Amino acid sequence: MTTMQKDAQTGEARRKTDFDAVVVGAGFAGLYALKTLRDDLGMDVRVIESGSDLGGAWYWNKYPGVRTDSESQYYCYSFDKDLYDAWHWQERYPSGEEVCGYLGHVAERFDLRQYIDFDRYVTSAVWSESDGRWTITTDTGDTYRAPYFISAMGVLSAPYRPDIKGLDDFAGQLLMTALWPQEGVDLAGKRVGIIGTGSTGIQLVPEAAEVVSHLHVFQRTANYVVEGQNRPLTDQDRQWIKDHYAETWEKVHGHPFAMAFDSPNRLAVDASAEERKKVFDEGWEKGGFRFLFETFDDLMIDEAANETAAEYIRHKIRSIVKDPEVAETLIPRDYPLGGKRLPSGHGYFEAFNRDNVTLVDVKRAPIEEVTETGVRTADGEYELDVLVLATGFDAFSGALSRIDVRGADGIDIKRKWANGPRTMFGLTVNGFPNMFAVGGPQTPFANNPPGSEKQVEWIAAVIQYMRDNGFARVEPAAEAEDDWVRHTNEVAEMTLASRGGHVGSWISGANIPGKEQVIQVYFGGANNFNAKLAESLSANLASFKFTS
Ligand code: NA7
């Protein structure tokens, strides 16, 4: 297929602009939306992607050490067992490169690439009530029109560049992990500084430490980090993965965070100190999120239980990091474990035992400015050749609100969400007809690929329902949206994961200066969320307003 078509009058080739649906983003969600709407509903779909290739977040985040924190056997699609069997994962947690390779394989297998326009950044999406269509415009000046606009722009895709005085004056190389150059970066032998110790900085530090002449890690908030225990997969592992397809996905779909974990069925508060230590030791060896979700059931809901796990990690830090002063600076204190999204480490704390790595506590002595030659804190200047910003994202709502999205009556999504996101299921917004946002704000906080599958399938079912009933326009009822916002806030209260606002967690929008601090995600569980999507279909989408 081509985007060019012949003009009916002049016979000249011109760009095709009208489609049944326009999808923005060619990551997990966008590719599956394209495939589902094309194959199941026979729609003429066009995907617009700002990168030059597939991958979404994985395309842009090319920094050394980038990898998933979910295990490969469920950080992938589940919709096709043959696809599942055909791909052979190399590592327990696939690298960004491996994830991009997987998505390339999917695109090849299902012939998706020809429906994707790369290298176009969407600048606006505007609904026209008179012709029932969205007009989507890109920075290349191209326009696309379609009755359905599907945002698949990712949950963490709008990079956050902090407003640090003098940043533009830095004469060395300034890099952002979230916009890492596709090639040509060489940190070897350089004096490198990294600002940010979230999941991203934590992955980059040990990799950079191996090659740089010196690494300065500028830490504002210390993080709980659980060792991921990554390893290459053997042929035996791969066979096990393929043999356990059904069991894996049953677990994923039954789990609140969409991971193939078993519920431990025990509480930390009921266990003796010795039992707890034994279980946490086993959890640490299992690695990553298994430490949080397969040790005790009460870690995210009971402060006392949470503190036992937090204290275990503090002991680990003290036992790994040789310099006691450095260890104390690396120890998180003022917030619960999981209050900021729990990062998996791959030799993170060990890196601080190296002579060429220095931890700089910028909470105690804040960054004052970036100079031509480095970073100046209240304690003095650190000279650098390369400065890396690992400073995170304007999460969830940021993907849509950074572009000009206008719904019925010209209402602007930024205005609509000025006091925090308002959605129905995170997927639809009152006043924004026929717009769907996979991974929109107030969708579950969970492993993404399976969530994207369920959300895309629901969107396809809604469109099918509209076709079956002769409807052309859908939006959620205002009262249904109010209920969803209320419900999202209520369930957030029940988990300690929403208690990271005071330490700048993106979960509550607190990492972005000026952003309203409102919970960005649905904490009711991906399993319960998917059940609610299914119920809404059984109830003939009663919370939605349809018109012909
Ligand atoms: P995060 O987790 O939001 O971390 C950003 C880090 O950047 C965090 O340590 C911040 O410190 C730090 N930061 C941001 N601005 C500044 C300034 N001005 N000065 C010093 N330090 C600063 O982003 P990531 O990219 O690591 O991870 C995002 C998600 O991507 C992750 O959860 C995974 O789901 C994948 P702070 O903590 O605010 O003090």
# chains A, B, ... in the order shown; residues from 1 in each chain; ligands from 1
$ residues_around --residues "Thr68 of chain A" --least-positions-apart "2" --cutoff "12 Å" --atoms "only C-alpha atoms" --output "ChimeraX atom specification"
/A:57-58,61,65-66,70-76,91-100,199-200,203,228,230,288-289,343-346,447-449
$ residues_near_ligand --ligand "ligand 1" --cutoff "7 Å" --atoms "only C-alpha atoms and all ligand atoms" --output "ChimeraX atom specification"
/A:156,162-164,195-201,218-221,341,343,362,367,390-393,503-506,511
$ closest_residue --among "A:Arg133, A:His244, A:Arg109, A:Arg467" --to "Phe432 of chain A" --atoms "only C-alpha atoms"
A:Arg133
$ closest_residue --among "A:Leu337, A:Val211, A:Ala26, A:Ile411" --to "Val429 of chain A" --atoms "only C-alpha atoms"
A:Ile411
$ residues_around --residues "segment 48-50 of chain A" --least-positions-apart "3" --cutoff "6 Å" --atoms "only C-alpha atoms" --output "MDAnalysis selection string"
chainID A and resid 24:26 116:121
$ residues_around --residues "Pro450 of chain A" --least-positions-apart "5" --cutoff "12 Å" --atoms "only C-alpha atoms" --output "ChimeraX atom specification"
/A:28-29,32,70,73-79,248-260,438-439,444-445,455-457,526-527,530
$ residues_around --residues "Tyr148 of chain A" --least-positions-apart "4" --cutoff "12 Å" --atoms "only C-alpha atoms" --output "JSON, numbers by chain"
{"A": [18, 19, 20, 21, 22, 23, 24, 33, 37, 43, 44, 45, 46, 47, 125, 126, 127, 128, 132, 133, 134, 135, 136, 144, 428, 432, 433, 434, 435, 436, 437, 459, 460, 462, 463, 466, 472, 473, 474, 475]}
$ residues_around --residues "Pro476 of chain A" --least-positions-apart "2" --cutoff "9 Å" --atoms "only C-alpha atoms" --output "VMD selection string"
chain A and resid 423 to 424 428 to 433 474 478 to 481 543 to 546
$ closest_residue --among "A:Leu389, A:Pro324, A:Ser452, A:Phe280" --to "Tyr160 of chain A" --atoms "only C-alpha atoms"
A:Leu389
$ select_by_dssp --residues "segment 218-371 of chain A" --states "strand (DSSP E)" --output "number ranges by chain"
A: 218-219, 226-227, 344-345, 357-361, 367-370
$ write_last_selection --atoms "N, CA, C and O atoms" --output "short mmCIF file (atom, residue, chain, number, x, y, z; two decimals), in the first residue's frame"
data_model
loop_
_atom_site.label_atom_id
_atom_site.label_comp_id
_atom_site.auth_asym_id
_atom_site.auth_seq_id
_atom_site.Cartn_x
_atom_site.Cartn_y
_atom_site.Cartn_z
N PHE A 218 24.66 12.49 40.14
CA PHE A 218 24.01 13.54 40.92
C PHE A 218 22.66 13.03 41.41
O PHE A 218 21.71 12.92 40.64
N GLN A 219 22.60 12.70 42.69
CA GLN A 219 21.38 12.09 43.25
C GLN A 219 20.63 13.09 44.14
O GLN A 219 21.20 13.66 45.07
N VAL A 226 16.07 -2.99 43.71
CA VAL A 226 16.18 -4.43 43.93
C VAL A 226 17.00 -5.01 42.78
O VAL A 226 16.75 -4.68 41.61
N GLU A 227 17.97 -5.86 43.10
CA GLU A 227 18.79 -6.45 42.04
C GLU A 227 17.88 -7.28 41.11
O GLU A 227 17.06 -8.08 41.58
N SER A 344 14.60 -1.91 38.98
CA SER A 344 15.47 -3.08 39.07
C SER A 344 16.88 -2.63 38.76
O SER A 344 17.10 -1.87 37.81
N GLY A 345 17.83 -3.12 39.55
CA GLY A 345 19.22 -2.75 39.30
C GLY A 345 20.00 -3.91 38.70
O GLY A 345 19.60 -5.07 38.82
N VAL A 357 33.79 6.14 40.32
CA VAL A 357 32.39 6.57 40.46
C VAL A 357 32.24 7.38 41.75
O VAL A 357 32.65 6.92 42.83
N THR A 358 31.66 8.56 41.63
CA THR A 358 31.45 9.41 42.80
C THR A 358 29.97 9.77 42.90
O THR A 358 29.36 10.22 41.92
N LEU A 359 29.41 9.54 44.06
CA LEU A 359 28.02 9.93 44.31
C LEU A 359 28.01 11.37 44.82
O LEU A 359 28.75 11.71 45.74
N VAL A 360 27.18 12.21 44.18
CA VAL A 360 27.08 13.61 44.61
C VAL A 360 25.67 13.84 45.15
O VAL A 360 24.69 13.67 44.43
N ASP A 361 25.60 14.19 46.41
CA ASP A 361 24.30 14.34 47.08
C ASP A 361 23.77 15.75 46.81
O ASP A 361 24.16 16.71 47.48
N ILE A 367 22.13 21.47 43.11
CA ILE A 367 22.73 21.97 41.87
C ILE A 367 22.37 23.46 41.77
O ILE A 367 21.20 23.83 41.87
N GLU A 368 23.39 24.29 41.58
CA GLU A 368 23.13 25.72 41.44
C GLU A 368 23.02 26.11 39.98
O GLU A 368 22.17 26.90 39.60
N GLU A 369 23.93 25.56 39.19
CA GLU A 369 23.87 25.84 37.75
C GLU A 369 24.74 24.86 36.98
O GLU A 369 25.61 24.20 37.54
N VAL A 370 24.46 24.82 35.69
CA VAL A 370 25.36 24.11 34.78
C VAL A 370 26.22 25.20 34.14
O VAL A 370 25.71 26.23 33.71
#
$ residues_around --residues "Gly500 of chain A" --least-positions-apart "6" --cutoff "7 Å" --atoms "only C-alpha atoms" --output "tab-separated table (two decimals) with N, CA and C atoms, in the first residue's frame"
chain	number	residue	atom	x	y	z
A	335	TYR	N	10.07	7.76	52.39
A	335	TYR	CA	8.88	7.32	51.66
A	335	TYR	C	8.87	5.80	51.59
A	339	GLY	N	6.78	3.60	46.72
A	339	GLY	CA	6.18	4.94	46.65
A	339	GLY	C	6.64	5.66	45.40
A	340	LYS	N	7.85	5.36	44.96
A	340	LYS	CA	8.28	5.69	43.60
A	340	LYS	C	8.37	4.35	42.89
$ select_by_dssp --residues "segment 443-494 of chain A" --states "alpha helix (DSSP H)" --output "JSON list (two decimals) with C-alpha atoms, in the first residue's frame"
[["chain", "number", "residue", "atom", "x", "y", "z"],
["A", 448, "ASN", "CA", 2.42, -2.65, 29.43],
["A", 449, "PRO", "CA", 2.20, -5.08, 26.48],
["A", 450, "PRO", "CA", -0.64, -7.23, 27.87],
["A", 451, "GLY", "CA", -2.48, -4.08, 28.97],
["A", 452, "SER", "CA", -2.15, -2.62, 25.48],
["A", 453, "GLU", "CA", -3.59, -5.81, 23.98],
["A", 454, "LYS", "CA", -6.67, -5.73, 26.20],
["A", 455, "GLN", "CA", -7.23, -2.03, 25.65],
["A", 456, "VAL", "CA", -6.87, -2.28, 21.88],
["A", 457, "GLU", "CA", -9.28, -5.22, 21.80],
["A", 458, "TRP", "CA", -11.82, -3.17, 23.77],
["A", 459, "ILE", "CA", -11.46, -0.24, 21.37],
["A", 460, "ALA", "CA", -12.00, -2.58, 18.43],
["A", 461, "ALA", "CA", -15.09, -4.01, 20.14],
["A", 462, "VAL", "CA", -16.50, -0.51, 20.66],
["A", 463, "ILE", "CA", -15.99, 0.36, 17.00],
["A", 464, "GLN", "CA", -17.57, -2.94, 15.98],
["A", 465, "TYR", "CA", -20.55, -2.18, 18.24],
["A", 466, "MET", "CA", -20.92, 1.20, 16.56],
["A", 467, "ARG", "CA", -20.87, -0.38, 13.13],
["A", 468, "ASP", "CA", -23.40, -3.00, 14.15],
["A", 469, "ASN", "CA", -25.76, -0.34, 15.44],
["A", 478, "ALA", "CA", -19.99, 13.06, 31.79],
["A", 479, "GLU", "CA", -21.34, 11.25, 34.88],
["A", 480, "ALA", "CA", -19.51, 8.04, 33.94],
["A", 481, "GLU", "CA", -16.31, 10.04, 33.65],
["A", 482, "ASP", "CA", -16.90, 11.63, 37.07],
["A", 483, "ASP", "CA", -17.37, 8.15, 38.53],
["A", 484, "TRP", "CA", -14.15, 6.86, 36.97],
["A", 485, "VAL", "CA", -12.14, 9.82, 38.28],
["A", 486, "ARG", "CA", -13.63, 9.28, 41.75],
["A", 487, "HIS", "CA", -12.99, 5.52, 41.63],
["A", 488, "THR", "CA", -9.39, 6.05, 40.42],
["A", 489, "ASN", "CA", -8.71, 8.40, 43.33],
["A", 490, "GLU", "CA", -10.36, 6.06, 45.84],
["A", 491, "VAL", "CA", -8.35, 2.98, 44.85],
["A", 492, "ALA", "CA", -5.14, 5.03, 44.86],
["A", 493, "GLU", "CA", -5.78, 5.80, 48.53]]
$ closest_residue --among "A:Ala395, A:Gly154, A:Ala146, A:Lys242" --to "Asp82 of chain A" --atoms "only C-alpha atoms"
A:Lys242
$ closest_residue --among "A:Ala351, A:Lys316, A:Ser538, A:Gln229" --to "Gly287 of chain A" --atoms "only C-alpha atoms"
A:Gln229
